[in-house]
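Enquirer: Have a look at this one.
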Amino acid sequence: MQIAHLLLAGALALAATAAQADIYKWTDEQGRVHYGDRPSPSAPAAERRELQVPELPEAQRQEAIERLEKQRATLKAPAGEAGVIAAPAAEARPAERDDSCAAQMRRYHQSQECFAPFRNVNGSVKPEAFRYCKDIPEPQCD
C-alpha cells in the first residue's frame with residue numbers, strides 16, 4: 001500500500017508541475033464525487049469549485065522523483081531481496097517432491113509468509129495475493 005501511495009505522490013508531483021491545469025470537483029445526482037480538468041456541464045456556476053493545487057518546490061519534487069525511482073528499483077529487484085514479494089516457485093515434479101511432514105510444514109509456512117503482506121486488519125486476504133501466493137492448507141501429519 002505504501003508503494004502505491006509513493007507512486008501516486010510521484011505521479012501527482014510530476015503532473016502538477018507539468019500540466020498546471022485547473023482541477024474541478026463536483027458531485028453528481030447519485031452523490032458521487034468527481035474530479036476533472038473541466039467543470040461539470042450540468043452543475044450551475046455557483047456550485048462549481050476550482051481546487052487549487054500548490055506547486056511543489058524543486059527540492060521536494062526531486063525528492064519525490066528519487067523515492068519513486070527507488071520504489072521502482074525495489075519492484076524490479078530479483079526475488080529474495082528484502083521487501084520484495086517473490087513469485088511462487090515452480091512445483092517440483094511429483095517424483096522428486098518431498099512429502100515428509102517437515103517438508104509439508106515448510107511449504108505451509110512459506111505460503112503463510114507470502115500471504116502476510118496481503119492480510120487486512122480483520123484477517124482477510126486481499127484478492128491480488130492469489131496472483132503471487134499459493135494457498136496451501138495446514139498439514140495434518142504426525
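Identifiers in this document derive from the order of the C-alpha cells: chains are assigned A, B, ..., residues are numbered from 1 separately in each chain, and ligands are numbered from 1 in order of occurrence.
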Please identify all polymer residues within 8 Å of A:Arg38, counting only C-alpha atoms, omitting same-chain residues fewer than 4 positions from it, and present them as a short mmCIF file (atom, residue, chain, number, x, y, z; two decimals) with C-alpha atoms, in the first residue's frame.
Expert:
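What follows is the written file selection-v3.cif:
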data_model
loop_
_atom_site.label_atom_id
_atom_site.label_comp_id
_atom_site.auth_asym_id
_atom_site.auth_seq_id
_atom_site.Cartn_x
_atom_site.Cartn_y
_atom_site.Cartn_z
CA ASP A 22 -7.23 23.70 -13.22
CA ILE A 23 -8.85 20.86 -11.33
CA TYR A 24 -12.59 20.88 -10.65
#
Enquirer: Mind pulling up the distance from atom CA of A:Gln140 to atom CA of A:Gln112?
Expert: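 Between atom CA of A:Gln112 and atom CA of A:Gln140 the gap is 15.9 Å.
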Enquirer: If we count only C-alpha atoms, what is near A:Pro139 at a cut-off of 8 Å, once residues fewer than 4 positions away on the same chain are taken out, given as a ChimeraX atom specification?
Expert: /A:101,104-105,108
Enquirer: With distances taken over only C-alpha atoms, which of A:Pro137, A:Ala64, A:Tyr132, A:His34 is nearest to A:Phe118?
Expert: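 Of A:Pro137, A:Ala64, A:Tyr132, A:His34, the one nearest A:Phe118 is A:Tyr132, counting only C-alpha atoms.
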Enquirer: Report, in Å with one decimal, the straight-line distance from atom CA of A:Asn122 to atom CA of A:Arg72.
Expert: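 So the answer is 29.2 Å.
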Enquirer: One number please: atom CA of A:Glu66 to atom CA of A:Asp37, in Å, one decimal.
Expert: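 Rounded to one decimal, the two atoms are 27.6 Å apart.
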Enquirer: I'd like to know which of A:Ile3, A:His109, A:Gln52, A:Val121 is closest to A:Ala73, using only C-alpha atoms.
Expert: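 With only C-alpha atoms as the atom set, the closest residue is A:Ile3.
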